[in-house]
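Novice: This is the structure, below, for whatever I ask next.
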Amino acid sequence: MIYKVANEIDMASEEFVFTALYFILVICLLVTPTEFRAAGLTIENLLSSWLGMEDMKFVEYQIKKTAAHVLVHSTLPLGYYIGFGFVSPDRNLFLPWQLTLPWLMFLCLSVCVFALGLSLFLFWRTNHWDRHPIARSLSYHGNAWRSVAASVNTEFRRIDKFQSGPEGRRTYVTDSWIIKTSPYAVKIAQQHDCHMNILSTEEHAISHESSTGAQFVTLNVISLNENIPDFEIRLNALDYKDLKDKVSSPVVNARNIVIQQSIAERFLVAFRSQVDANPNYSLPQGSPAPENCIGCLQVPSNVKLIKRCDNTETGDCVQCYCRPMWCCDCMCKWFASRQTQTQPENWMSGKSPCPTCRSVFCMLDISHIDS
C-alpha cells in the first residue's frame, strides 16, 4: 500500500515537471526570448535551409516563415499529448478506447488543431503560394503579386531602409513600402497610398534597451486602397525621427502627443541652455573672424573655452589657449562622447578634455563668442 502511494506521488511529480517544462517550451516558441535567439533555437534558424535568405527574397521568406509558424504551432497540443503518454504510461493515452472523457476531448481537440494547421499549410502552398494571404495582399496593388514582390525585394535589399522592433516582429519602411512583420502575418502598404496617425504612447521606467527607461509610440497606418486593411505599428520613440525622415507623407499627430527626445537631443537642449547662461567671450581687437567649425564644417565656430569654474590655479579644469575652432553643437557632441554613457544623469556635472589641446574643462567654461 505504501509502495503504491509512493509510486503515485512519483508519477504525479513527473507529470507536473513535464507539464511545466512543456509549458515553458510553448511560451518560448510563441514569444521567443533573446536567449533562445542567441542560441539559435528558433523556427527561422532550424528551418533556415528551407526558408532561404530574408535579405535576398524577403517576400518569399515571409510567406514560408508564416506558413511554418502555423504548422509548427499547430502541433504543440498534440505534442503535449504524445509526450504525456510517454511520461505517464499507466494512463494508456495511446489506447483511445480506454481514455477518460477529458483526455478524449483533449485528443480530439489536438488532432483537429493539427489537421487545421496542416490543411492551411497545404492550401497556402498550392500553385506556388498563390493562395497565401501575403500573395493575395500584394496582388491588390495593381500587378501580379510576383511582380510586386520583386519590387519589395529590391527595395528591401537597400541599406537605407528603416527598421525597428525585435526580430520576428519588426517594422520596415523602404522608399515605397511600409511593412509590419509578425509570426503569422505580414502587413504591406504602399507609401503613396497611405498616411500615418499617432495613436498613443507608453512610458516604461525600466527597459532592457535603455538604463533611463523607454517610450514606445503606436501609429496607425491607414491605406487608401480599400483592399488593404489598416494596421498598427509600435516602435521606440528614439526611432520616431528616423521613421518621419523615411516616410514620404507627414505623420499626423492630431492628439498632440508628446514624443520624447533621445538622450543626446535632450542633452543638447540642456547644453545650449547652460552655454547661453555663461558669460560671453569677446575676441581681441583685430582678431580675424572665426573660421568654420572643424567638426561639421557647416557653421562658423561660435564657442571658446575660458576657465570660469574656479580660480586660475585651482580645480581640475585647466585654461585652454586654443583659438575658437568649434561650434556649440559639435562641442556638445564631443562633451557627451567623453562621459560615462550609462550614467547620463551625471553628464551636466562631468568634465571633458579639449578636443584640440586636451585641456580639461567643464560646462561652466564654455562661452559663446560675441558677434
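Order determines the names: the first chain of the C-alpha cells is A, the second B, and so forth; residues in each chain are numbered 1 upward, and ligands are numbered 1 upward as they are shown.
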Hey, what's within 8 Å of Cys327 (chain A) if we count only C-alpha atoms and toss same-chain stuff fewer than 5 positions away? As a list in words, please?

Specialist: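 Result of the neighbour search: Cys293, Gly295, Val299, Pro300, Ser301, Asn302 and Val303 of chain A.
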
Novice: Just to be explicit: take each residue in the selection above, keep C-alpha atoms, and write the result as a PDB file, in the first residue's frame.

Specialist:
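Saved as out_32.pdb:
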ATOM      1  CA  CYS A 293      33.744  74.611 -37.219  1.00  0.00           C
ATOM      2  CA  GLY A 295      33.695  69.286 -36.644  1.00  0.00           C
ATOM      3  CA  VAL A 299      28.663  76.876 -39.413  1.00  0.00           C
ATOM      4  CA  PRO A 300      31.257  79.318 -38.064  1.00  0.00           C
ATOM      5  CA  SER A 301      32.986  78.439 -34.790  1.00  0.00           C
ATOM      6  CA  ASN A 302      30.995  80.175 -32.061  1.00  0.00           C
ATOM      7  CA  VAL A 303      32.296  78.948 -28.665  1.00  0.00           C
TER       8      VAL A 303
END

Novice: What are the closest atom pairs, with distances in Å to one decimal, for each residue of region 243-290 of chain A lying within 10 Å of region 165-178 of chain A, using only C-alpha atoms, rows by chain and rising residue number, as a Markdown table?

Specialist:
| residue | atom | partner | partner_atom | distance |
| --- | --- | --- | --- | --- |
| A:Leu243 | CA | A:Val173 | CA | 7.6 |
| A:Lys246 | CA | A:Val173 | CA | 6.9 |
| A:Val247 | CA | A:Val173 | CA | 7.2 |
| A:Ser248 | CA | A:Asp175 | CA | 8.1 |

Novice: Mind pulling up the distance from CA of Val111 (chain A) to CA of Tyr81 (chain A)?

Specialist: 10.0 Å

Novice: Pull the strand (DSSP E) assignments for region 61-261 of chain A out of DSSP run on the backbone, and list those residues as a PyMOL selection string.

Specialist: chain A and resi 162-164+171-173+177-181+186-190+194-204+214-223+231-236+251-252

Novice: Find the residues near Ile233 (chain A): any atom within 9 Å, counting only C-alpha atoms, skip ones fewer than 2 places away on the same chain, and give them as a list in words.

Specialist: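 Near neighbours after the sequence-gap exclusion: Arg170, Thr171, Lys180, Val217, Thr218, Leu219, Asn220, Val221, Phe231 and Leu235 of chain A.
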
Novice: Would you save the residues of that selection, restricted to N, CA and C atoms, as an mmCIF file, in the first residue's frame?

Specialist:
data_model
loop_
_atom_site.group_PDB
_atom_site.id
_atom_site.type_symbol
_atom_site.label_atom_id
_atom_site.label_comp_id
_atom_site.auth_asym_id
_atom_site.auth_seq_id
_atom_site.Cartn_x
_atom_site.Cartn_y
_atom_site.Cartn_z
ATOM 1 N N ARG A 170 9.198 42.983 -36.617
ATOM 2 C CA ARG A 170 9.822 44.243 -36.983
ATOM 3 C C ARG A 170 8.957 45.061 -37.926
ATOM 4 N N THR A 171 9.243 46.344 -37.918
ATOM 5 C CA THR A 171 8.641 47.273 -38.868
ATOM 6 C C THR A 171 9.730 47.747 -39.820
ATOM 7 N N LYS A 180 5.009 45.581 -41.875
ATOM 8 C CA LYS A 180 4.998 45.118 -40.486
ATOM 9 C C LYS A 180 4.979 43.593 -40.487
ATOM 10 N N VAL A 217 5.902 54.288 -29.140
ATOM 11 C CA VAL A 217 4.868 55.012 -29.880
ATOM 12 C C VAL A 217 4.088 54.025 -30.739
ATOM 13 N N THR A 218 2.771 54.118 -30.698
ATOM 14 C CA THR A 218 1.898 53.295 -31.539
ATOM 15 C C THR A 218 1.295 54.173 -32.625
ATOM 16 N N LEU A 219 1.490 53.771 -33.876
ATOM 17 C CA LEU A 219 0.977 54.527 -35.013
ATOM 18 C C LEU A 219 0.020 53.665 -35.826
ATOM 19 N N ASN A 220 -0.973 54.298 -36.401
ATOM 20 C CA ASN A 220 -1.946 53.618 -37.242
ATOM 21 C C ASN A 220 -1.648 53.930 -38.702
ATOM 22 N N VAL A 221 -1.474 52.886 -39.503
ATOM 23 C CA VAL A 221 -1.213 53.047 -40.936
ATOM 24 C C VAL A 221 -2.532 52.845 -41.668
ATOM 25 N N PHE A 231 -3.507 48.901 -40.249
ATOM 26 C CA PHE A 231 -2.758 48.142 -39.248
ATOM 27 C C PHE A 231 -1.937 49.102 -38.395
ATOM 28 N N LEU A 235 6.865 51.277 -32.140
ATOM 29 C CA LEU A 235 8.306 51.440 -32.193
ATOM 30 C C LEU A 235 8.790 52.312 -31.043
#

Novice: Please tabulate, as a Markdown table, the residues of region 220-293 of chain A that come within 12 Å of region 333-343 of chain A, each with its closest pair of atoms and the distance in Å to one decimal, counting only C-alpha atoms and ordering rows by chain, then residue number upward.

Specialist:
| residue | atom | partner | partner_atom | distance |
| --- | --- | --- | --- | --- |
| A:Ile263 | CA | A:Ala336 | CA | 10.0 |
| A:Ala264 | CA | A:Ala336 | CA | 7.8 |
| A:Glu265 | CA | A:Lys333 | CA | 9.8 |
| A:Arg266 | CA | A:Ala336 | CA | 11.3 |
| A:Phe267 | CA | A:Ala336 | CA | 8.0 |
| A:Leu268 | CA | A:Lys333 | CA | 7.9 |
| A:Val269 | CA | A:Lys333 | CA | 11.6 |
| A:Ala270 | CA | A:Ala336 | CA | 11.6 |
| A:Phe271 | CA | A:Phe335 | CA | 9.5 |
| A:Arg272 | CA | A:Lys333 | CA | 11.5 |

Novice: What is the CA of Ser262 (chain A)-CA of Lys351 (chain A) distance in Å, reported with one decimal?

Specialist: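 Between CA of Ser262 (chain A) and CA of Lys351 (chain A) the gap is 21.3 Å.
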
Novice: Neighbouring residues of Pro250 (chain A) were defined as those with any atom within 10 Å, considering only C-alpha atoms; residues of the same chain fewer than 5 positions away were excluded. Please report them as a list in words.

Specialist: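 Close residues of Pro250 (chain A): His195, Met196, Asn197, Lys244 and Asp245 of chain A.
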
Novice: Select, from A:Leu101, A:Tyr184, A:Asn153, A:Leu51, the residue with the minimum atom-to-atom distance to His69 (chain A), counting only C-alpha atoms.

Specialist: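 The answer is A:Tyr184, which sits nearest to His69 (chain A).
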
Novice: Could you check the closest approach to Val87 (chain A) for each of A:Ala254, A:Val148, A:Ile294, A:Val17 and tell me which residue wins, using only C-alpha atoms?

Specialist: A:Val17

Novice: Residues within 12 Å of Pro288 (chain A), please, as a ChimeraX atom specification. Count only C-alpha atoms; anything in the same chain fewer than 5 positions from it doesn't count.

Specialist: /A:283,301,323-324

Novice: Since we have the selection now, will you write its residues out, keeping N, CA and C atoms, as a compact mmCIF listing (two decimals), in the first residue's frame?

Specialist:
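The result, stored in again-v9.txt:
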# COMPACT_ATOMS: atom_id res chain seq x y z
N LEU A 283 36.26 88.54 -28.73
CA LEU A 283 37.54 88.37 -29.42
C LEU A 283 38.40 89.61 -29.25
N SER A 301 32.69 78.77 -36.19
CA SER A 301 32.99 78.44 -34.79
C SER A 301 32.42 79.54 -33.90
N ARG A 323 42.48 78.77 -30.18
CA ARG A 323 41.58 79.73 -30.82
C ARG A 323 40.23 79.05 -31.06
N PRO A 324 39.15 79.81 -31.24
CA PRO A 324 37.83 79.20 -31.48
C PRO A 324 37.84 78.35 -32.75
